[in-house]
Amino acid sequence: MDWSNVTAEELVDALKEVEWTTPPRPLLEFFQKFTTPKTRAKWSARLKCNFYYYRTNYFILLTLALVIALLRRPLGLIAVIFAALSIGCLNDSFAAAVSERMTKAIRKISPPVAAKLRPPVSTAARGRPLKGTVYICGKDRRFFVVGLMAVSILLWFLASAIYLILVSLPLGILSIVLHATLRTPNLKARLNSFREEFRAVWRGYSDA
């Protein structure tokens with residue numbers, strides 16, 4: 001995959017469609033080799049490649065930055081959980097997994113209610129959501145994303161932690177950008193990119 005030709009929109013779409021169960025990369029690999037990109041084009045390609053390859057590590061890093069800043073704010077820590085769920089629901093497979101587990105839990109309590117939570121159209125094929133609108137318990141996942149984030153902000157406000165968030169969040173994002181800028185993509189990252197590209201093309205043929 002030539003990351004220099006990948007747009008930001010395509011990168012976001014790839015992050016939405018990739019499997020959320022991908023484990024984080026080992027720490028030895030994460031901190032293995034750092035160099036400065038020589039050109040802006042190489043910097044842009046490296047940034048996108050590392051964002052995709054180390055996505056789970058960056059998600060954990062950002063979450064840890066918020067947790068450390070809010071150690072003395074229990075209510076703020078609960079808000080971090082809601083914020084993490086909100087971000088996670090932007091991923092198609094994570095949203096589908098959440099919807100499935102919530103529906104199963106509701107079905108055990110009230111099958112008629114669970115039946116009403118079915119999406120208006122089929123959104124899953126072979127365990128993977130189709131492109132387009134993704135539903136959680138029959139509702140557009142955007143309602144859950146916005147709702148969970150709104151709860152997070154409210155809890156941070158009640159915990160008087162807005163200032164801490166405004167400090168720790170930019171620091172966490174800055175550390176991610178610095179790592180993505182300086183971490184040299186290795187052969188494993190390139191092979192992983194080609195493998196994911198092949199899977200995306202294969203899913204496209206399968207859905208067709």
# chains A, B, ... in the order shown; residues from 1 in each chain; ligands from 1
>>> residues_around(residues="range 70-76 of chain A", least_positions_apart="4", cutoff="7 Å", atoms="only C-alpha atoms", output="list in words")
Leu66, Val80, Leu155, Trp156, Ala159 and Ala161 of chain A
>>> write_last_selection(atoms="all heavy atoms", output="mmCIF file, in the first residue's frame")
data_model
loop_
_atom_site.group_PDB
_atom_site.id
_atom_site.type_symbol
_atom_site.label_atom_id
_atom_site.label_comp_id
_atom_site.auth_asym_id
_atom_site.auth_seq_id
_atom_site.Cartn_x
_atom_site.Cartn_y
_atom_site.Cartn_z
ATOM 1 N N LEU A 66 -5.388 10.248 29.899
ATOM 2 C CA LEU A 66 -6.564 10.767 30.597
ATOM 3 C C LEU A 66 -6.703 10.141 31.985
ATOM 4 O O LEU A 66 -7.045 10.835 32.958
ATOM 5 C CB LEU A 66 -7.822 10.493 29.775
ATOM 6 C CG LEU A 66 -7.898 11.190 28.409
ATOM 7 C CD1 LEU A 66 -9.153 10.759 27.669
ATOM 8 C CD2 LEU A 66 -7.889 12.704 28.576
ATOM 9 N N VAL A 80 -14.029 8.729 31.425
ATOM 10 C CA VAL A 80 -13.058 8.215 30.448
ATOM 11 C C VAL A 80 -13.578 6.924 29.821
ATOM 12 O O VAL A 80 -13.419 6.691 28.614
ATOM 13 C CB VAL A 80 -11.685 7.980 31.122
ATOM 14 C CG1 VAL A 80 -10.738 7.267 30.159
ATOM 15 C CG2 VAL A 80 -11.073 9.296 31.559
ATOM 16 N N LEU A 155 -19.939 14.461 32.970
ATOM 17 C CA LEU A 155 -19.267 13.920 34.149
ATOM 18 C C LEU A 155 -17.962 14.658 34.422
ATOM 19 O O LEU A 155 -17.605 14.901 35.581
ATOM 20 C CB LEU A 155 -19.005 12.423 33.972
ATOM 21 C CG LEU A 155 -20.244 11.524 33.972
ATOM 22 C CD1 LEU A 155 -19.849 10.072 33.720
ATOM 23 C CD2 LEU A 155 -20.995 11.643 35.297
ATOM 24 N N TRP A 156 -17.233 15.014 33.370
ATOM 25 C CA TRP A 156 -16.002 15.784 33.565
ATOM 26 C C TRP A 156 -16.309 17.155 34.151
ATOM 27 O O TRP A 156 -15.570 17.660 34.992
ATOM 28 C CB TRP A 156 -15.261 15.940 32.230
ATOM 29 C CG TRP A 156 -14.509 14.708 31.835
ATOM 30 C CD1 TRP A 156 -13.906 13.807 32.665
ATOM 31 C CD2 TRP A 156 -14.284 14.221 30.499
ATOM 32 N NE1 TRP A 156 -13.320 12.806 31.952
ATOM 33 C CE2 TRP A 156 -13.527 13.029 30.619
ATOM 34 C CE3 TRP A 156 -14.633 14.680 29.241
ATOM 35 C CZ2 TRP A 156 -13.120 12.296 29.499
ATOM 36 C CZ3 TRP A 156 -14.229 13.946 28.141
ATOM 37 C CH2 TRP A 156 -13.487 12.773 28.271
ATOM 38 N N ALA A 159 -17.158 16.697 37.778
ATOM 39 C CA ALA A 159 -15.964 16.345 38.547
ATOM 40 C C ALA A 159 -14.947 17.478 38.578
ATOM 41 O O ALA A 159 -13.854 17.310 39.135
ATOM 42 C CB ALA A 159 -15.323 15.095 37.958
ATOM 43 N N ALA A 161 -13.177 18.602 36.189
ATOM 44 C CA ALA A 161 -11.982 18.064 35.542
ATOM 45 C C ALA A 161 -11.790 18.594 34.120
ATOM 46 O O ALA A 161 -10.939 18.077 33.388
ATOM 47 C CB ALA A 161 -12.067 16.545 35.508
#
>>> closest_residue(among="A:Gly147, A:Asn57, A:Trp43, A:Ile153", to="Pro26 in chain A", atoms="only C-alpha atoms")
A:Asn57
>>> atom_distance(atom1="CA of Ala96 in chain A", atom2="CA of Leu61 in chain A")
24.2 Å
>>> residues_around(residues="range 7-22 of chain A", least_positions_apart="6", cutoff="6 Å", atoms="only C-alpha atoms", output="compact mmCIF listing (two decimals) with N, CA and C atoms, in the first residue's frame")
# COMPACT_ATOMS: atom_id res chain seq x y z
N ASN A 91 -15.91 2.45 15.29
CA ASN A 91 -15.43 1.30 14.53
C ASN A 91 -16.60 0.36 14.24
N ASP A 92 -16.72 -0.08 13.00
CA ASP A 92 -17.86 -0.89 12.58
C ASP A 92 -17.98 -2.20 13.34
N SER A 93 -16.88 -2.94 13.45
CA SER A 93 -16.94 -4.24 14.10
C SER A 93 -17.19 -4.11 15.60
N PHE A 94 -16.63 -3.06 16.22
CA PHE A 94 -16.87 -2.83 17.65
C PHE A 94 -18.34 -2.50 17.88
>>> atom_distance(atom1="CA of Tyr52 in chain A", atom2="CA of Pro24 in chain A")
11.6 Å
>>> residues_around(residues="Arg118 in chain A", least_positions_apart="3", cutoff="12 Å", atoms="only C-alpha atoms", output="list in words")
Ala96, Ser99, Glu100, Met102, Thr103, Lys104, Ile106, Arg107, Pro111, Pro112, Val113, Ala114, Ala115, Val121, Ser122, Thr123, Ala124, Val134, Tyr135, Ile136, Cys137, Gly138, Lys139 and Asp140 of chain A
>>> residues_around(residues="Leu169 in chain A", least_positions_apart="2", cutoff="10 Å", atoms="only C-alpha atoms", output="list in words")
Leu62, Thr63, Ala65, Leu66, Ala69, Leu164, Ile165, Leu166, Val167, Leu171, Gly172, Ile173, Leu174 and Ser175 of chain A
>>> closest_residue(among="A:Ser110, A:Thr56, A:Ser160, A:Thr184", to="Phe31 in chain A", atoms="only C-alpha atoms")
A:Thr184
>>> select_by_dssp(residues="range 24-205 of chain A", states="alpha helix (DSSP H)", output="count of residues only")
130
>>> residues_around(residues="Ser152 in chain A", least_positions_apart="4", cutoff="6 Å", atoms="only C-alpha atoms", output="number ranges by chain")
A: 79, 82-83
>>> write_last_selection(atoms="N, CA, C and O atoms", output="mmCIF file, in the first residue's frame")
data_model
loop_
_atom_site.group_PDB
_atom_site.id
_atom_site.type_symbol
_atom_site.label_atom_id
_atom_site.label_comp_id
_atom_site.auth_asym_id
_atom_site.auth_seq_id
_atom_site.Cartn_x
_atom_site.Cartn_y
_atom_site.Cartn_z
ATOM 1 N N ALA A 79 -15.987 8.854 33.399
ATOM 2 C CA ALA A 79 -16.217 9.565 32.136
ATOM 3 C C ALA A 79 -15.257 9.093 31.050
ATOM 4 O O ALA A 79 -15.627 9.054 29.867
ATOM 5 N N PHE A 82 -16.737 6.083 29.379
ATOM 6 C CA PHE A 82 -17.778 6.452 28.419
ATOM 7 C C PHE A 82 -17.173 7.035 27.143
ATOM 8 O O PHE A 82 -17.640 6.749 26.030
ATOM 9 N N ALA A 83 -16.126 7.849 27.294
ATOM 10 C CA ALA A 83 -15.473 8.443 26.125
ATOM 11 C C ALA A 83 -14.808 7.367 25.269
ATOM 12 O O ALA A 83 -14.872 7.410 24.035
#
>>> atom_distance(atom1="CA of Ser4 in chain A", atom2="CA of Ala45 in chain A")
4.5 Å
>>> residues_around(residues="Val145 in chain A", least_positions_apart="6", cutoff="7 Å", atoms="only C-alpha atoms", output="ChimeraX atom specification")
/A:86-87,89
